[in-house]
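Trainee: Dropping a structure here in structure tokens format, bear with me for questions.
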Amino acid sequence: MHTPLAPHNTLMVGSIELPNRLFAAPMAGVTDRPFRQLCKRLGAGYAVSEMVTSRKDLWHSLKTSRRANHEGEIAPISVQIAGTDAAMMAEAAAYNIERGAQIIDINMGCPAKKVCNKWAGSALMQNEALALEIVEAVVAACAPHNVPVTLKMRTGWSAQNKNAVRIARAAEAAGVAMLTVHGRTREQGYKGHAEYDTIAAVKAAVRVPVVANGDINTPEKALEVLSYTGADAIMVGRAAQGRPWIFGDIAHFLATGTHRAQPLTQQVKQWLLEHLNEHYGLYGEFAGVRTARKHIGWAVRALPGGETFRGHMNTLDNCESQIRAVTDYFDELSLRHDRLPDTAPDLIDEDAQAAHCATN
Ligand SMILES: Cc1cc2nc3c(=O)[nH]c(=O)nc-3n(C[C@H](O)[C@H](O)[C@H](O)COP(=O)(O)O)c2cc1C
């Protein structure tokens, strides 16, 4: 099968070469370093960190310092920043570059209330002058370090105000090196479906790489979105939760037109245990066990006995018992299923996700 994009081809973002064109989306509370690392190991060419606030007073909080911890991360390290003040955003960019960021991504894509009330995230799309001021200030702060700046946005503020093309052109003129477009408006939150016409229009309007994002949950959908939009890369968010090997699945399908086999159940167990150990290492036992529950829940949610297991697992409060429960669950499953049962890859609980995003 011929694809509109050779997924194994590298992609340049400014002077930085990405190994392929399958990206993991930034998701606050999800794409921490252990999860990004796992996605990269399993086929993602690029993974953007969860957003870091531009508010200096929060930089030393535990949450932000964890988010800014890139120890051992597979390059390139890309940090997303969010805020409403151009000077503060420029400072945030410089701060993260000092801590290892090789690419700075500006968040104009997240509809989180906490962010939007302060006119950050996708709310910035309603104020194009401010959005551009921020882009210019961040580009100016990054240029001396030769750090490319990228921008993630939605299609617009509302169905009546789809200004992604205008913002994309202005951002490119201001020096942005790559644009990601999630095919929903800010007003939509996570409701309805992503549309790809606006992404195609952005792609046609600029010369920098354009990344298509929104509702990509199967290899077929990845191919469809790439063909339809002509985008240079795709970005997967919710469909990678609990299934981080989806990047490898997509790469295989784009390269061969066939589906590779489901992963071995014992292999999935191994990936999850490795992920948990990294997770505990970053968060410590108390927070680690609790925040790991969602990853485990996503991993088992559509599997036989997954719901019952999830309920039981939520009662466990130390690393050892969590690891043992996960091991037992997958060992038991592997007695009946050598390979992971092929469950429907629905996107996960949109409202809960949106609420989650709003708290981060
Ligand atoms: C839990 C959650 C947290 C998110 N956090 C961010 C974020 O911090 N920054 C951002 O630009 N987008 C964020 N997003 C949006 C995703 O990056 C992505 O654009 C969106 O989920 C659509 O892609 P998908 O359909 O593949 O999930 C978040 C989404 C979810 C579900």
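Chain labels follow the order of the structure tokens: the first chain is A, the next B, and so on; residue numbering restarts at 1 in every chain, and ligands are counted from 1 in their shown order.
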Among segment 10-250 of chain A, which ones does DSSP assign to strand (DSSP E or B) (computed from the backbone)? Answer as a VMD selection string.

Mentor: chain A and resid 11 to 13 16 to 18 22 to 24 46 to 48 52 to 53 78 to 82 103 to 108 149 to 156 158 161 178 to 185 210 to 213 233 to 236

Trainee: Using DSSP secondary structure from the backbone, list all helix (DSSP H, G or I) positions within segment 45-243 of chain A, as JSON, numbers by chain.

Mentor: {"A": [56, 57, 58, 62, 63, 64, 65, 66, 67, 86, 87, 88, 89, 90, 91, 92, 93, 94, 95, 96, 97, 98, 113, 114, 115, 116, 121, 122, 123, 124, 125, 126, 128, 129, 130, 131, 132, 133, 134, 135, 136, 137, 138, 139, 140, 141, 142, 143, 144, 145, 164, 165, 166, 167, 168, 169, 170, 171, 172, 173, 197, 198, 199, 200, 201, 202, 203, 204, 205, 219, 220, 221, 222, 223, 224, 225, 226, 227, 228, 229, 238, 239, 240]}

Trainee: Would you list the contacts of Ala231 of chain A as number ranges by chain, taking every protein, DNA or RNA residue within 8 Å and counting only C-alpha atoms, but skipping same-chain residues closer than 5 positions in sequence?

Mentor: A: 199-200, 203, 209-212, 225-226

Trainee: Please write the residues from the selection above to a file, keeping N, CA and C atoms, as an mmCIF file, in the first residue's frame.

Mentor:
data_model
loop_
_atom_site.group_PDB
_atom_site.id
_atom_site.type_symbol
_atom_site.label_atom_id
_atom_site.label_comp_id
_atom_site.auth_asym_id
_atom_site.auth_seq_id
_atom_site.Cartn_x
_atom_site.Cartn_y
_atom_site.Cartn_z
ATOM 1 N N ILE A 199 -7.825 21.579 9.147
ATOM 2 C CA ILE A 199 -6.417 21.152 9.223
ATOM 3 C C ILE A 199 -5.817 21.150 7.814
ATOM 4 N N ALA A 200 -6.613 20.666 6.845
ATOM 5 C CA ALA A 200 -6.137 20.670 5.447
ATOM 6 C C ALA A 200 -5.892 22.105 4.979
ATOM 7 N N LYS A 203 -2.699 23.355 6.446
ATOM 8 C CA LYS A 203 -1.563 22.728 5.745
ATOM 9 C C LYS A 203 -1.304 23.445 4.415
ATOM 10 N N PRO A 209 6.005 22.445 8.898
ATOM 11 C CA PRO A 209 5.248 21.202 9.089
ATOM 12 C C PRO A 209 3.950 21.419 9.875
ATOM 13 N N VAL A 210 2.918 20.698 9.454
ATOM 14 C CA VAL A 210 1.618 20.759 10.132
ATOM 15 C C VAL A 210 1.285 19.357 10.647
ATOM 16 N N VAL A 211 0.843 19.309 11.887
ATOM 17 C CA VAL A 211 0.520 18.043 12.545
ATOM 18 C C VAL A 211 -0.992 17.972 12.745
ATOM 19 N N ALA A 212 -1.596 16.875 12.277
ATOM 20 C CA ALA A 212 -3.048 16.708 12.420
ATOM 21 C C ALA A 212 -3.353 15.940 13.699
ATOM 22 N N VAL A 225 -6.731 10.350 7.955
ATOM 23 C CA VAL A 225 -6.462 11.753 8.317
ATOM 24 C C VAL A 225 -5.242 12.281 7.554
ATOM 25 N N LEU A 226 -4.240 11.448 7.422
ATOM 26 C CA LEU A 226 -3.052 11.875 6.671
ATOM 27 C C LEU A 226 -3.414 12.153 5.216
#

Trainee: Applying 9 Å and only C-alpha atoms, which residues near Ala240 of chain A remain after dropping the ones on its own chain fewer than 4 positions away? List them as number ranges by chain.

Mentor: A: 24-25, 39, 217, 236, 244-247

Trainee: Extract, using only C-alpha atoms, all DNA, RNA and protein residues at most 9 Å from segment 298-311 of chain A, discarding same-chain residues fewer than 5 positions from it, and format them as a ChimeraX atom specification.

Mentor: /A:241-243,268,272,293,325-326,329,333,340-345,348

Trainee: With only C-alpha atoms and all ligand atoms as the atoms that count, which of A:Leu151, A:Ala255, A:Met125, A:Ala173 lies nearest to ligand 1?

Mentor: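 Among the listed residues, the smallest separation from ligand 1 belongs to A:Leu151.
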
Trainee: Of the residues A:Met27, A:Ala171, A:Ala194, A:Leu38, which is the one nearest to ligand 1, using only C-alpha atoms and all ligand atoms?

Mentor: A:Met27

Trainee: Would you mind listing what lies within 8 Å of segment 275-280 of chain A as number ranges by chain, with only C-alpha atoms counted and same-chain residues fewer than 2 positions away left out?

Mentor: A: 34-35, 38, 271-273, 282-285, 288-289, 292, 319, 323

Trainee: Those same residues - N, CA and C atoms - I'd like them written as a PDB file, in the first residue's frame.

Mentor:
ATOM      1  N   PRO A  34       7.510   9.265  32.516  1.00  0.00           N
ATOM      2  CA  PRO A  34       7.446   7.808  32.298  1.00  0.00           C
ATOM      3  C   PRO A  34       6.527   7.423  31.140  1.00  0.00           C
ATOM      4  N   PHE A  35       5.399   8.100  31.009  1.00  0.00           N
ATOM      5  CA  PHE A  35       4.481   7.733  29.927  1.00  0.00           C
ATOM      6  C   PHE A  35       5.036   8.171  28.573  1.00  0.00           C
ATOM      7  N   LEU A  38       7.607   5.707  27.519  1.00  0.00           N
ATOM      8  CA  LEU A  38       7.016   4.457  27.049  1.00  0.00           C
ATOM      9  C   LEU A  38       6.506   4.623  25.615  1.00  0.00           C
ATOM     10  N   TRP A 271       5.523  -4.319  29.817  1.00  0.00           N
ATOM     11  CA  TRP A 271       5.525  -2.865  29.557  1.00  0.00           C
ATOM     12  C   TRP A 271       4.883  -2.116  30.718  1.00  0.00           C
ATOM     13  N   LEU A 272       3.753  -2.656  31.198  1.00  0.00           N
ATOM     14  CA  LEU A 272       3.033  -1.967  32.266  1.00  0.00           C
ATOM     15  C   LEU A 272       3.858  -1.970  33.564  1.00  0.00           C
ATOM     16  N   LEU A 273       4.503  -3.098  33.864  1.00  0.00           N
ATOM     17  CA  LEU A 273       5.308  -3.158  35.096  1.00  0.00           C
ATOM     18  C   LEU A 273       6.488  -2.190  35.010  1.00  0.00           C
ATOM     19  N   LEU A 282       9.239   8.486  39.884  1.00  0.00           N
ATOM     20  CA  LEU A 282       9.030   9.938  39.744  1.00  0.00           C
ATOM     21  C   LEU A 282       8.157  10.497  40.866  1.00  0.00           C
ATOM     22  N   TYR A 283       7.113   9.743  41.257  1.00  0.00           N
ATOM     23  CA  TYR A 283       6.118  10.293  42.194  1.00  0.00           C
ATOM     24  C   TYR A 283       6.287   9.837  43.644  1.00  0.00           C
ATOM     25  N   GLY A 284       7.098   8.800  43.851  1.00  0.00           N
ATOM     26  CA  GLY A 284       7.162   8.241  45.202  1.00  0.00           C
ATOM     27  C   GLY A 284       5.961   7.330  45.429  1.00  0.00           C
ATOM     28  N   GLU A 285       5.961   6.627  46.569  1.00  0.00           N
ATOM     29  CA  GLU A 285       4.943   5.593  46.778  1.00  0.00           C
ATOM     30  C   GLU A 285       3.528   6.153  46.922  1.00  0.00           C
ATOM     31  N   GLY A 288       2.452   8.008  43.816  1.00  0.00           N
ATOM     32  CA  GLY A 288       2.676   7.119  42.673  1.00  0.00           C
ATOM     33  C   GLY A 288       1.602   6.053  42.552  1.00  0.00           C
ATOM     34  N   VAL A 289       1.269   5.413  43.666  1.00  0.00           N
ATOM     35  CA  VAL A 289       0.264   4.337  43.632  1.00  0.00           C
ATOM     36  C   VAL A 289      -1.088   4.913  43.185  1.00  0.00           C
ATOM     37  N   ALA A 292      -1.023   6.083  39.495  1.00  0.00           N
ATOM     38  CA  ALA A 292      -0.840   4.961  38.556  1.00  0.00           C
ATOM     39  C   ALA A 292      -2.168   4.270  38.258  1.00  0.00           C
ATOM     40  N   CYS A 319       2.958   0.148  46.577  1.00  0.00           N
ATOM     41  CA  CYS A 319       3.527  -0.269  45.285  1.00  0.00           C
ATOM     42  C   CYS A 319       3.533  -1.785  45.162  1.00  0.00           C
ATOM     43  N   ILE A 323       1.744  -3.827  42.187  1.00  0.00           N
ATOM     44  CA  ILE A 323       2.551  -4.604  41.223  1.00  0.00           C
ATOM     45  C   ILE A 323       2.081  -6.066  41.231  1.00  0.00           C
TER      46      ILE A 323
END

Trainee: Within 8 Å of segment 263-266 of chain A, counting only C-alpha atoms, which residues show up once you throw out same-chain ones fewer than 2 positions away? Write them as a PyMOL selection string, please.

Mentor: chain A and resi 261+268-270+330-331+333-334+337-340

Trainee: Of the candidates A:Thr258, A:Ser49, A:Thr155, A:Asn96, which shows the shortest atom-to-atom distance to ligand 1, using only C-alpha atoms and all ligand atoms?

Mentor: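 Checking each candidate against ligand 1, we get A:Ser49 as the closest.
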
Trainee: Which one of A:Asn69, A:Ile103, A:Gln37, A:Thr84 sits closest to Ala129 of chain A if you count only C-alpha atoms?

Mentor: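 Checking each of A:Asn69, A:Ile103, A:Gln37, A:Thr84 against Ala129 of chain A, counting only C-alpha atoms, the winner is A:Thr84.
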
Trainee: I'd like to know which of A:Arg66, A:Lys162, A:Lys294, A:His60 is closest to ligand 1, using only C-alpha atoms and all ligand atoms.

Mentor: A:Lys294

Trainee: Rank A:Gly281, A:Gln126, A:Gln322, A:Gly183 by their smallest atom-to-atom distance to Gly297 of chain A, using only C-alpha atoms, and report the top residue only.

Mentor: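 Answer, going by the shortest atom-to-atom distance: A:Gln322.
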
Trainee: Between atom 24 (P, counted along the ligand's line) of ligand 1 and atom CA of Phe23 of chain A, what distance in Å does the model show, to one decimal?

Mentor: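 Computed distance, atom 24 (P, counted along the ligand's line) of ligand 1 to atom CA of Phe23 of chain A, equals 11.0 Å.
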